[in-house]
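Asks: The structure under discussion is supplied below as structure tokens; questions concerning it will follow.
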Amino acid sequence: GWSPDIHQVLARDTVFSANYGADLQQFIFEPGKHGRIEGPDTFNRPASYILRKVDYPTVIADKGYQFSKWSYSKAGNESRFVAQYRRITTKDGRSLDDNGKVHDIVGDDGSLPVGNVVAPVLGDDGKRPPIIQRPGAPDIIANRLNLYFENDHVNLDAFAKDFKKAYPGDEYAIIGCDHLVKMIQIQIPESSRDRVRNELPSRLSSYKFFVVDESLFQLTGYSSATNTDAGWHLKAIHLSGAWKYTKGSPKVTVAVVDDGIDYGHPMFDGKIVHPYNVFTQSNTLSCGEGHGTHVAGLAAGSAVYYSKGASGVAPGCKLMPVQVFDNQYATFSSVTSGIMYALHEGADVVNVSLGPEFKGLDALPETQQRQIAESEFKNEERVWREIISVANRKNAILVFAVGNDDILACIPPECRTDKTLNVAAVGRDYRATSFSNYGQGSNISAPGEAIYSAFPMNSFKSLDGTSMAAPIVSGAVALMKSMNRKLDVGRILRILRLTGRQVPGDIPPMVQLDKALALVKSGKIPASSPSDETGPVVSKDAGYAEIRRLIQVYKQKIKD
């Protein structure tokens, strides 16, 4: 170009000098729609320059996406590159969901967000966090701890500031909080887990709290080996006879705390209210693995497909789907937060067809299983008892699947009371299934084998599990509540047990819904059961190491 600028009015003699430069081209890199760029994104090089690998900036893809390539275009001396992505999919071709990022939630002023924050399980790159596998006990996330406060009036903002003073490094972060149950979740270095856990009470001694591991929860339903006799479960509970009394009131809502739902399935037309994703705090839910769709269909789906063997037990009631799974993973904090959301949004019945897994405990005799139930997972039990007390105060009924580990049902800490309905599974032979947890801790049963119900993409499928038995009971409770909203958990349980069918195996009676509703209509409601506790008495903590030792000893005896 010329110097000075030739685009000017000349007022005197002026000398213009020609300037020369190398023949350059400009390289421009853009992040595209599903990621961001780290490093220089624009620079100039000689026209003959060939880009090297080190010249390309780093692309950080959003969760659920993977950087695939650069698209290239050239105009004059400008070369433009735009990052392209592909969706990350599971082995079955399902795309990963983006449920937010794990990050420090403390604001610049040191305070916490006003609402509840549940940290997703997967990291920003779609990778799972470090997980400690514990045979005989639920797996836990190795770099997270949940702190539950004993004072309902604790100032969580003040605690957040004091925590940052005690642990100022960036590797220590508050990544979750729940103002309803007074909980804070911290992220710490995996290598420092035991040290931090032990020293927290003394370093923050002005606060009274206890620590709960961030355990992983499992769906308690799986594909059935049998697809025949679709709808046998509807006949087994005498559903058509029960509908002579009611098909459910739209004023009664069943919450399904699960892995998501297929909004578009015809079984849910006009039925969904207050949907919620605990990770994004929004009403955008995924289809998950199809488990939540199946469960919701059983509890309160439409009766349109009854003749084909698929129907909700309470088709006249509303559905509140609450997603607590982040790409096949749910946690203790996500599940408890989801239940609390449902309770505070006015759900009359809350179905929880998921829970911690206890692989290997079935190798122990019942006497040793009972010892474990009496001594372990006591901090988790404290949290559950607080949540259950909230439900009881609101006269909302919590319905839990007792699990599929073929162990005592009182080992999962949420099933240690008769202030909830804890559902075991019955097979098509009208006996306890081989997988269902049993005995103390279970207090009602329902069909749970080859259960036909809704599945994503407008389809239907048969699944096995206590996951399927629980929503049948939830639907039954919704019908009872439709007839009498004042029924509390004790009387509902008493009615179902008195009118239920005795089944072989160490599980409670199976729901017979026509008889139950007839008793509700009669108005001769029996008083609550004298025993309101099915769980064991608290005793000293034996420690997880003792569980591991007992399993190994017993397996060795079998081997010998």
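If you're wondering about the labels, chains in the structure tokens are A, B, ... by order shown, residues count from 1 in each chain, ligands from 1 in order shown.
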Tell me which protein, DNA and RNA residues are within 7 Å of Glu78 of chain A, counting only C-alpha atoms, leaving out same-chain ones fewer than 4 positions away, and put them as a list of chain:residue names.
Replies: A:Gln25, A:Gln26, A:Phe27, A:Lys74
Asks: Tell me which protein, DNA and RNA residues are within 6 Å of segment 288-299 of chain A, counting only C-alpha atoms, leaving out same-chain ones fewer than 4 positions away, and put them as an MDAnalysis selection string.
Replies: chainID A and resid 258:262 312:313 453:456 471:472 474:475
Asks: So that I can see what lies close to segment 424-435 of chain A, please list as a PyMOL selection string the residues with an atom at most 6 Å from it, counting only C-alpha atoms and leaving out residues fewer than 3 positions away in the same chain.
Replies: chain A and resi 402+404-406+445-449+466+469+503-505
Asks: Run DSSP on the backbone of this structure and report the residues of segment 261-418 of chain A it assigns to strand (DSSP E), as JSON, numbers by chain.
Replies: {"A": [276, 277, 318, 319, 320, 321, 322, 323, 330, 331, 349, 350, 351, 352, 354, 355, 356, 397, 398, 399, 400, 401]}
Asks: Write out as a PyMOL selection string all residues of segment 406-517 of chain A that DSSP puts in alpha helix (DSSP H) for this structure's backbone.
Replies: chain A and resi 466-483+489-499+513-517
Asks: Excluding Arg494 of chain A and residues on its chain fewer than 2 positions from it, collect all residues at most 8 Å away from it, counting only C-alpha atoms, and give them as an MDAnalysis selection string.
Replies: chainID A and resid 490:492 496:498 526:529
Asks: Go ahead and dump the residues you just picked, all heavy atoms, as a PDB file, in the first residue's frame.
Replies:
ATOM      1  N   GLY A 490     -49.660 -45.862  56.402  1.00  0.00           N
ATOM      2  CA  GLY A 490     -49.956 -46.993  57.267  1.00  0.00           C
ATOM      3  C   GLY A 490     -51.248 -47.692  56.881  1.00  0.00           C
ATOM      4  O   GLY A 490     -51.311 -48.923  56.808  1.00  0.00           O
ATOM      5  N   ARG A 491     -52.294 -46.918  56.601  1.00  0.00           N
ATOM      6  CA  ARG A 491     -53.573 -47.522  56.250  1.00  0.00           C
ATOM      7  C   ARG A 491     -53.551 -48.110  54.854  1.00  0.00           C
ATOM      8  O   ARG A 491     -54.173 -49.153  54.606  1.00  0.00           O
ATOM      9  CB  ARG A 491     -54.688 -46.484  56.407  1.00  0.00           C
ATOM     10  CG  ARG A 491     -54.899 -46.083  57.868  1.00  0.00           C
ATOM     11  CD  ARG A 491     -56.147 -45.283  58.088  1.00  0.00           C
ATOM     12  NE  ARG A 491     -56.345 -45.043  59.516  1.00  0.00           N
ATOM     13  CZ  ARG A 491     -57.410 -44.459  60.029  1.00  0.00           C
ATOM     14  NH1 ARG A 491     -58.374 -44.036  59.225  1.00  0.00           N
ATOM     15  NH2 ARG A 491     -57.521 -44.281  61.328  1.00  0.00           N
ATOM     16  N   ILE A 492     -52.865 -47.460  53.944  1.00  0.00           N
ATOM     17  CA  ILE A 492     -52.746 -48.022  52.593  1.00  0.00           C
ATOM     18  C   ILE A 492     -52.045 -49.372  52.649  1.00  0.00           C
ATOM     19  O   ILE A 492     -52.486 -50.354  52.033  1.00  0.00           O
ATOM     20  CB  ILE A 492     -51.993 -47.043  51.671  1.00  0.00           C
ATOM     21  CG1 ILE A 492     -52.910 -45.875  51.308  1.00  0.00           C
ATOM     22  CG2 ILE A 492     -51.491 -47.751  50.411  1.00  0.00           C
ATOM     23  CD1 ILE A 492     -52.221 -44.780  50.526  1.00  0.00           C
ATOM     24  N   LEU A 496     -53.685 -53.079  51.608  1.00  0.00           N
ATOM     25  CA  LEU A 496     -53.096 -53.924  50.569  1.00  0.00           C
ATOM     26  C   LEU A 496     -52.683 -55.284  51.116  1.00  0.00           C
ATOM     27  O   LEU A 496     -52.817 -56.312  50.434  1.00  0.00           O
ATOM     28  CB  LEU A 496     -51.891 -53.212  49.943  1.00  0.00           C
ATOM     29  CG  LEU A 496     -52.209 -51.961  49.104  1.00  0.00           C
ATOM     30  CD1 LEU A 496     -50.929 -51.302  48.619  1.00  0.00           C
ATOM     31  CD2 LEU A 496     -53.105 -52.323  47.915  1.00  0.00           C
ATOM     32  N   ARG A 497     -52.183 -55.304  52.328  1.00  0.00           N
ATOM     33  CA  ARG A 497     -51.739 -56.574  52.916  1.00  0.00           C
ATOM     34  C   ARG A 497     -52.940 -57.444  53.328  1.00  0.00           C
ATOM     35  O   ARG A 497     -52.930 -58.659  53.141  1.00  0.00           O
ATOM     36  CB  ARG A 497     -50.824 -56.316  54.106  1.00  0.00           C
ATOM     37  CG  ARG A 497     -49.455 -55.769  53.703  1.00  0.00           C
ATOM     38  CD  ARG A 497     -48.630 -55.367  54.911  1.00  0.00           C
ATOM     39  NE  ARG A 497     -48.271 -56.526  55.711  1.00  0.00           N
ATOM     40  CZ  ARG A 497     -47.146 -57.237  55.576  1.00  0.00           C
ATOM     41  NH1 ARG A 497     -46.251 -56.893  54.656  1.00  0.00           N
ATOM     42  NH2 ARG A 497     -46.888 -58.255  56.367  1.00  0.00           N
ATOM     43  N   LEU A 498     -53.981 -56.824  53.885  1.00  0.00           N
ATOM     44  CA  LEU A 498     -55.160 -57.581  54.304  1.00  0.00           C
ATOM     45  C   LEU A 498     -55.895 -58.194  53.123  1.00  0.00           C
ATOM     46  O   LEU A 498     -56.448 -59.300  53.226  1.00  0.00           O
ATOM     47  CB  LEU A 498     -56.111 -56.675  55.086  1.00  0.00           C
ATOM     48  CG  LEU A 498     -55.747 -56.379  56.548  1.00  0.00           C
ATOM     49  CD1 LEU A 498     -56.711 -55.349  57.129  1.00  0.00           C
ATOM     50  CD2 LEU A 498     -55.777 -57.660  57.391  1.00  0.00           C
ATOM     51  N   PRO A 526     -59.028 -49.981  58.151  1.00  0.00           N
ATOM     52  CA  PRO A 526     -58.328 -50.431  59.355  1.00  0.00           C
ATOM     53  C   PRO A 526     -57.271 -49.440  59.789  1.00  0.00           C
ATOM     54  O   PRO A 526     -56.725 -48.686  58.974  1.00  0.00           O
ATOM     55  CB  PRO A 526     -57.692 -51.756  58.924  1.00  0.00           C
ATOM     56  CG  PRO A 526     -57.530 -51.627  57.444  1.00  0.00           C
ATOM     57  CD  PRO A 526     -58.698 -50.808  56.975  1.00  0.00           C
ATOM     58  N   ALA A 527     -57.004 -49.422  61.074  1.00  0.00           N
ATOM     59  CA  ALA A 527     -55.952 -48.547  61.598  1.00  0.00           C
ATOM     60  C   ALA A 527     -54.599 -48.997  61.078  1.00  0.00           C
ATOM     61  O   ALA A 527     -54.433 -50.116  60.595  1.00  0.00           O
ATOM     62  CB  ALA A 527     -55.976 -48.567  63.125  1.00  0.00           C
ATOM     63  N   SER A 528     -53.625 -48.105  61.184  1.00  0.00           N
ATOM     64  CA  SER A 528     -52.277 -48.433  60.747  1.00  0.00           C
ATOM     65  C   SER A 528     -51.752 -49.629  61.517  1.00  0.00           C
ATOM     66  O   SER A 528     -52.144 -49.894  62.656  1.00  0.00           O
ATOM     67  CB  SER A 528     -51.346 -47.238  60.962  1.00  0.00           C
ATOM     68  OG  SER A 528     -51.790 -46.148  60.206  1.00  0.00           O
ATOM     69  N   SER A 529     -50.864 -50.350  60.879  1.00  0.00           N
ATOM     70  CA  SER A 529     -50.251 -51.516  61.514  1.00  0.00           C
ATOM     71  C   SER A 529     -49.540 -51.095  62.788  1.00  0.00           C
ATOM     72  O   SER A 529     -48.905 -50.039  62.834  1.00  0.00           O
ATOM     73  CB  SER A 529     -49.242 -52.153  60.554  1.00  0.00           C
ATOM     74  OG  SER A 529     -48.494 -53.149  61.192  1.00  0.00           O
TER      75      SER A 529
END
Asks: Return as JSON lines the residues of segment 170-275 of chain A lying at most 7 Å from segment 142-159 of chain A, together with the closest atom-to-atom pair for each and the distance in Å to one decimal, counting only C-alpha atoms, with rows in chain order and ascending residue number.
Replies:
{"residue": "A:Lys182", "atom": "CA", "partner": "A:Phe149", "partner_atom": "CA", "distance": 5.7}
{"residue": "A:Met183", "atom": "CA", "partner": "A:Tyr148", "partner_atom": "CA", "distance": 4.6}
{"residue": "A:Ile184", "atom": "CA", "partner": "A:Leu147", "partner_atom": "CA", "distance": 5.2}
{"residue": "A:Gln185", "atom": "CA", "partner": "A:Asn146", "partner_atom": "CA", "distance": 4.5}
{"residue": "A:Ile186", "atom": "CA", "partner": "A:Leu145", "partner_atom": "CA", "distance": 5.5}
{"residue": "A:Gln187", "atom": "CA", "partner": "A:Arg144", "partner_atom": "CA", "distance": 4.6}
{"residue": "A:Ile188", "atom": "CA", "partner": "A:Asn143", "partner_atom": "CA", "distance": 5.2}
{"residue": "A:Pro189", "atom": "CA", "partner": "A:Asn143", "partner_atom": "CA", "distance": 5.7}
{"residue": "A:Glu190", "atom": "CA", "partner": "A:Asn143", "partner_atom": "CA", "distance": 4.6}
{"residue": "A:Arg193", "atom": "CA", "partner": "A:Asn143", "partner_atom": "CA", "distance": 6.6}
{"residue": "A:Lys208", "atom": "CA", "partner": "A:Glu150", "partner_atom": "CA", "distance": 5.7}
{"residue": "A:Phe209", "atom": "CA", "partner": "A:Phe149", "partner_atom": "CA", "distance": 4.1}
{"residue": "A:Phe210", "atom": "CA", "partner": "A:Tyr148", "partner_atom": "CA", "distance": 5.4}
{"residue": "A:Val211", "atom": "CA", "partner": "A:Leu147", "partner_atom": "CA", "distance": 4.8}
{"residue": "A:Val212", "atom": "CA", "partner": "A:Asn146", "partner_atom": "CA", "distance": 5.1}
{"residue": "A:Asp213", "atom": "CA", "partner": "A:Leu145", "partner_atom": "CA", "distance": 5.4}
{"residue": "A:Glu214", "atom": "CA", "partner": "A:Leu145", "partner_atom": "CA", "distance": 5.9}
Asks: Kindly export the residues of the current selection with N, CA and C atoms, as a PDB file, in the first residue's frame.
Replies:
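Below is the file that was written, again13.pdb:
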ATOM      1  N   LYS A 182     -30.514 -29.852  53.056  1.00  0.00           N
ATOM      2  CA  LYS A 182     -29.313 -29.263  53.661  1.00  0.00           C
ATOM      3  C   LYS A 182     -28.092 -30.138  53.381  1.00  0.00           C
ATOM      4  N   MET A 183     -27.687 -30.153  52.123  1.00  0.00           N
ATOM      5  CA  MET A 183     -26.548 -30.958  51.682  1.00  0.00           C
ATOM      6  C   MET A 183     -25.626 -30.136  50.804  1.00  0.00           C
ATOM      7  N   ILE A 184     -24.342 -30.393  50.936  1.00  0.00           N
ATOM      8  CA  ILE A 184     -23.340 -29.832  50.039  1.00  0.00           C
ATOM      9  C   ILE A 184     -22.465 -30.976  49.539  1.00  0.00           C
ATOM     10  N   GLN A 185     -22.196 -30.957  48.233  1.00  0.00           N
ATOM     11  CA  GLN A 185     -21.305 -31.972  47.663  1.00  0.00           C
ATOM     12  C   GLN A 185     -19.982 -31.324  47.290  1.00  0.00           C
ATOM     13  N   ILE A 186     -18.891 -31.963  47.724  1.00  0.00           N
ATOM     14  CA  ILE A 186     -17.567 -31.447  47.413  1.00  0.00           C
ATOM     15  C   ILE A 186     -16.837 -32.401  46.478  1.00  0.00           C
ATOM     16  N   GLN A 187     -15.974 -31.809  45.666  1.00  0.00           N
ATOM     17  CA  GLN A 187     -15.078 -32.594  44.819  1.00  0.00           C
ATOM     18  C   GLN A 187     -13.662 -32.408  45.336  1.00  0.00           C
ATOM     19  N   ILE A 188     -12.954 -33.505  45.513  1.00  0.00           N
ATOM     20  CA  ILE A 188     -11.617 -33.499  46.099  1.00  0.00           C
ATOM     21  C   ILE A 188     -10.710 -34.395  45.274  1.00  0.00           C
ATOM     22  N   PRO A 189      -9.391 -34.266  45.439  1.00  0.00           N
ATOM     23  CA  PRO A 189      -8.498 -35.199  44.752  1.00  0.00           C
ATOM     24  C   PRO A 189      -8.756 -36.623  45.239  1.00  0.00           C
ATOM     25  N   GLU A 190      -8.794 -37.542  44.308  1.00  0.00           N
ATOM     26  CA  GLU A 190      -9.041 -38.937  44.666  1.00  0.00           C
ATOM     27  C   GLU A 190      -8.025 -39.439  45.689  1.00  0.00           C
ATOM     28  N   ARG A 193      -8.877 -38.512  49.406  1.00  0.00           N
ATOM     29  CA  ARG A 193     -10.229 -38.821  49.861  1.00  0.00           C
ATOM     30  C   ARG A 193     -10.286 -39.186  51.345  1.00  0.00           C
ATOM     31  N   LYS A 208     -22.241 -28.965  62.297  1.00  0.00           N
ATOM     32  CA  LYS A 208     -22.542 -30.350  62.605  1.00  0.00           C
ATOM     33  C   LYS A 208     -23.069 -31.033  61.336  1.00  0.00           C
ATOM     34  N   PHE A 209     -22.283 -31.947  60.830  1.00  0.00           N
ATOM     35  CA  PHE A 209     -22.674 -32.656  59.617  1.00  0.00           C
ATOM     36  C   PHE A 209     -22.109 -34.065  59.644  1.00  0.00           C
ATOM     37  N   PHE A 210     -22.635 -34.913  58.780  1.00  0.00           N
ATOM     38  CA  PHE A 210     -22.084 -36.258  58.610  1.00  0.00           C
ATOM     39  C   PHE A 210     -21.851 -36.490  57.122  1.00  0.00           C
ATOM     40  N   VAL A 211     -20.954 -37.416  56.818  1.00  0.00           N
ATOM     41  CA  VAL A 211     -20.497 -37.623  55.439  1.00  0.00           C
ATOM     42  C   VAL A 211     -21.136 -38.876  54.862  1.00  0.00           C
ATOM     43  N   VAL A 212     -21.598 -38.766  53.624  1.00  0.00           N
ATOM     44  CA  VAL A 212     -22.186 -39.900  52.902  1.00  0.00           C
ATOM     45  C   VAL A 212     -21.472 -40.031  51.564  1.00  0.00           C
ATOM     46  N   ASP A 213     -21.063 -41.237  51.229  1.00  0.00           N
ATOM     47  CA  ASP A 213     -20.425 -41.480  49.940  1.00  0.00           C
ATOM     48  C   ASP A 213     -21.396 -41.204  48.802  1.00  0.00           C
ATOM     49  N   GLU A 214     -20.862 -40.761  47.684  1.00  0.00           N
ATOM     50  CA  GLU A 214     -21.683 -40.555  46.482  1.00  0.00           C
ATOM     51  C   GLU A 214     -21.764 -41.895  45.753  1.00  0.00           C
TER      52      GLU A 214
END
Asks: Can you list, as a ChimeraX atom specification, every protein, DNA or RNA residue that comes within 8 Å of Leu517 of chain A when you count only C-alpha atoms, leaving out same-chain residues fewer than 4 positions away?
Replies: /A:242,245,479-480,513,521
Asks: Which residue out of A:Gly221, A:Ser240, A:Ala516, A:Asn351 has the minimum interatomic distance to Ser436 of chain A when only C-alpha atoms are used?
Replies: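 Between A:Gly221, A:Ser240, A:Ala516, A:Asn351, the residue approaching Ser436 of chain A most closely is A:Gly221.
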Asks: With only C-alpha atoms as the basis for distance, which of A:Gln323, A:Ser73, A:Gln218, A:Ser307 is at the shortest distance from Ala255 of chain A?
Replies: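 Of A:Gln323, A:Ser73, A:Gln218, A:Ser307, the one nearest Ala255 of chain A is A:Gln323, counting only C-alpha atoms.
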Asks: Check the smallest atom-to-atom distance from each of A:Leu408, A:Phe81, A:Ile372, A:Leu354 to Thr220 of chain A using only C-alpha atoms, then report the winner.
Replies: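 That would be A:Leu354, the residue with the smallest distance to Thr220 of chain A.
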Asks: Provide the atom CA of Lys164 of chain A to atom CA of Ser192 of chain A distance in Å, to one decimal place.
Replies: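 Going from atom CA of Lys164 of chain A over to atom CA of Ser192 of chain A covers 16.1 Å.
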Asks: Between A:Leu10, A:Cys287, A:Ala18, A:Ile495, which is the closest to Leu519 of chain A once you count only C-alpha atoms?
Replies: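 Using only C-alpha atoms, Leu519 of chain A sits closest to A:Ile495.
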Asks: Grab the atom CA of Ser111 of chain A to atom CA of Ser337 of chain A distance for me, in Å with one decimal place.
Replies: 20.2 Å
